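Coordinates from my_file-v4.txt are shown below (compact mmCIF, C-alpha atoms).
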```
# COMPACT_ATOMS: atom_id res chain seq x y z
CA MET A 230 39.69 83.96 106.56
CA LEU A 231 35.99 84.05 105.78
CA SER A 232 36.29 80.93 103.65
CA TYR A 233 37.68 78.96 106.64
CA ARG A 234 34.75 80.13 108.75
CA VAL A 235 32.26 79.06 106.11
CA LYS A 236 33.97 75.70 105.64
CA SER A 237 34.05 75.02 109.37
CA ARG A 238 30.41 76.09 109.76
CA ASP A 239 29.38 73.74 106.95
CA ALA A 240 31.41 70.90 108.46
CA LEU A 241 29.72 71.43 111.84
CA LYS A 242 26.29 71.44 110.16
CA ARG A 243 27.06 68.12 108.46
CA LEU A 244 28.38 66.68 111.71
CA ARG A 245 25.29 67.78 113.61
CA THR A 246 22.96 66.00 111.20
CA ASP A 247 25.24 62.98 110.64
CA GLU A 248 24.42 59.94 112.76
CA GLY A 249 27.99 58.67 112.44
CA GLY A 250 29.27 61.89 113.98
CA VAL A 251 27.07 61.37 117.01
CA VAL A 252 28.48 57.90 117.48
CA SER A 253 32.01 59.31 117.27
CA PHE A 254 31.25 61.80 120.04
CA GLU A 255 29.81 59.00 122.16
CA TYR A 256 33.02 57.00 121.74
CA ILE A 257 35.04 60.05 122.80
CA ILE A 258 32.90 60.46 125.91
CA VAL A 259 33.21 56.76 126.79
CA ALA A 260 36.99 56.87 126.26
CA ALA A 261 37.28 59.92 128.53
CA CYS A 262 35.29 58.12 131.24
CA ILE A 263 37.51 55.04 130.98
CA ILE A 264 40.65 57.16 131.19
CA GLY A 265 39.23 58.96 134.21
CA GLY A 266 38.37 55.68 135.92
CA VAL A 267 41.79 54.18 135.30
CA THR A 268 43.47 57.37 136.52
CA ALA A 269 41.31 57.36 139.65
CA ALA A 270 42.11 53.71 140.35
CA PHE A 271 45.84 53.76 139.61
CA GLY A 272 46.63 57.42 140.19
CA THR A 273 49.12 59.35 138.15
CA GLY A 274 52.01 57.46 139.75
CA ALA A 275 52.26 54.48 142.07
CA THR A 276 50.42 56.42 144.79
CA GLY A 277 46.90 55.34 143.86
CA GLY A 278 45.04 52.65 145.76
CA ILE A 279 45.74 49.84 143.32
CA GLY A 280 49.33 50.96 142.75
CA THR A 281 50.00 50.93 146.50
CA ALA A 282 48.40 47.49 146.87
CA LEU A 283 50.46 46.08 144.00
CA SER A 284 53.68 47.56 145.41
CA GLY A 285 52.91 46.07 148.84
CA ALA A 286 52.10 42.67 147.37
CA LEU A 287 55.29 42.70 145.33
CA ALA A 288 57.30 43.52 148.46
CA VAL A 289 55.69 40.58 150.31
CA VAL A 290 56.41 38.18 147.46
CA THR A 291 60.01 39.40 147.19
CA ALA A 292 60.54 39.00 150.95
CA ALA A 293 59.05 35.51 150.89
CA PHE A 294 61.22 34.52 147.92
CA THR A 295 64.35 35.89 149.59
CA ALA A 296 63.54 34.02 152.82
CA ALA A 297 62.95 30.77 150.91
CA VAL A 298 66.27 30.96 149.09
```
What would the structure in this file look like if it were written as structure tokens?
Amino acid sequence: MLSYRVKSRDALKRLRTDEGGVVSFEYIIVAACIIGGVTAAFGTGATGGIGTALSGALAVVTAAFTAAV
């Protein structure tokens, strides 16, 4: 068990001093922000603002198509 602790501590030390590791964490933070923004815009279902607008627009197009045919 101690060997796993030592290995993980050494890995964290290398990651802390590694410039590539910092960039990886920045990508993770950016990805989390993008996911949060998309979730806020679309919602978790079709109840978000954009999802509601798209559903309404699709209903209008369908009604217009049905009336034209």
- Provide the CA of Phe271 in chain A to CA of Ser284 in chain A distance in Å, to one decimal place.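 About the pair CA of Phe271 in chain A and CA of Ser284 in chain A: they are 11.6 Å apart.
Rounded to one decimal, CA of Ile279 in chain A and CA of Val259 in chain A lie 21.9 Å from each other.
Atom pair CA of Ala269 in chain A / CA of Leu287 in chain A: separated by 21.0 Å.
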As a CSV table (one decimal), keeping the file's coordinate frame, please: range 255-266 of chain A completed to all heavy atoms.
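Result file is selection.csv:
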```
chain,number,residue,atom,x,y,z
A,255,GLU,N,30.1,59.9,121.1
A,255,GLU,CA,29.8,59.0,122.2
A,255,GLU,C,31.0,58.2,122.5
A,255,GLU,O,31.3,57.9,123.7
A,255,GLU,CB,28.6,58.1,121.8
A,255,GLU,CG,27.3,58.8,121.7
A,255,GLU,CD,26.2,57.9,121.2
A,255,GLU,OE1,26.5,56.8,120.7
A,255,GLU,OE2,25.1,58.4,121.2
A,256,TYR,N,31.8,57.7,121.5
A,256,TYR,CA,33.0,57.0,121.7
A,256,TYR,C,34.0,57.9,122.5
A,256,TYR,O,34.8,57.4,123.3
A,256,TYR,CB,33.6,56.5,120.4
A,256,TYR,CG,32.9,55.3,119.9
A,256,TYR,CD1,32.6,55.2,118.5
A,256,TYR,CD2,32.6,54.2,120.7
A,256,TYR,CE1,32.0,54.1,118.0
A,256,TYR,CE2,32.0,53.1,120.2
A,256,TYR,CZ,31.6,53.0,118.9
A,256,TYR,OH,31.0,51.9,118.4
A,257,ILE,N,34.1,59.1,122.1
A,257,ILE,CA,35.0,60.0,122.8
A,257,ILE,C,34.7,60.2,124.3
A,257,ILE,O,35.5,60.2,125.2
A,257,ILE,CB,35.1,61.4,122.1
A,257,ILE,CG1,35.8,61.3,120.7
A,257,ILE,CG2,35.8,62.5,122.9
A,257,ILE,CD1,35.7,62.5,119.8
A,258,ILE,N,33.4,60.3,124.5
A,258,ILE,CA,32.9,60.5,125.9
A,258,ILE,C,33.2,59.2,126.7
A,258,ILE,O,33.7,59.2,127.8
A,258,ILE,CB,31.4,60.8,125.9
A,258,ILE,CG1,31.2,62.2,125.4
A,258,ILE,CG2,30.8,60.7,127.3
A,258,ILE,CD1,29.7,62.6,125.1
A,259,VAL,N,32.9,58.0,126.1
A,259,VAL,CA,33.2,56.8,126.8
A,259,VAL,C,34.7,56.6,127.1
A,259,VAL,O,35.1,56.2,128.1
A,259,VAL,CB,32.7,55.6,126.0
A,259,VAL,CG1,33.2,54.3,126.5
A,259,VAL,CG2,31.1,55.6,126.0
A,260,ALA,N,35.5,57.0,126.1
A,260,ALA,CA,37.0,56.9,126.3
A,260,ALA,C,37.5,57.8,127.4
A,260,ALA,O,38.3,57.4,128.2
A,260,ALA,CB,37.7,57.2,125.0
A,261,ALA,N,36.9,59.0,127.5
A,261,ALA,CA,37.3,59.9,128.5
A,261,ALA,C,36.9,59.4,129.9
A,261,ALA,O,37.6,59.5,130.9
A,261,ALA,CB,36.6,61.3,128.3
A,262,CYS,N,35.7,58.7,130.0
A,262,CYS,CA,35.3,58.1,131.2
A,262,CYS,C,36.2,57.0,131.6
A,262,CYS,O,36.5,56.8,132.8
A,262,CYS,CB,33.8,57.6,131.1
A,262,CYS,SG,32.6,59.0,131.0
A,263,ILE,N,36.6,56.2,130.7
A,263,ILE,CA,37.5,55.0,131.0
A,263,ILE,C,38.9,55.6,131.4
A,263,ILE,O,39.4,55.1,132.4
A,263,ILE,CB,37.7,54.1,129.7
A,263,ILE,CG1,36.3,53.4,129.5
A,263,ILE,CG2,38.8,53.2,129.9
A,263,ILE,CD1,36.3,52.6,128.2
A,264,ILE,N,39.4,56.6,130.8
A,264,ILE,CA,40.6,57.2,131.2
A,264,ILE,C,40.5,57.7,132.6
A,264,ILE,O,41.4,57.6,133.4
A,264,ILE,CB,41.1,58.2,130.2
A,264,ILE,CG1,41.5,57.5,128.9
A,264,ILE,CG2,42.3,59.1,130.7
A,264,ILE,CD1,41.7,58.5,127.7
A,265,GLY,N,39.4,58.4,132.9
A,265,GLY,CA,39.2,59.0,134.2
A,265,GLY,C,39.2,57.9,135.3
A,265,GLY,O,39.7,58.0,136.4
A,266,GLY,N,38.5,56.8,135.0
A,266,GLY,CA,38.4,55.7,135.9
A,266,GLY,C,39.7,55.0,136.2
A,266,GLY,O,40.1,54.7,137.3
```
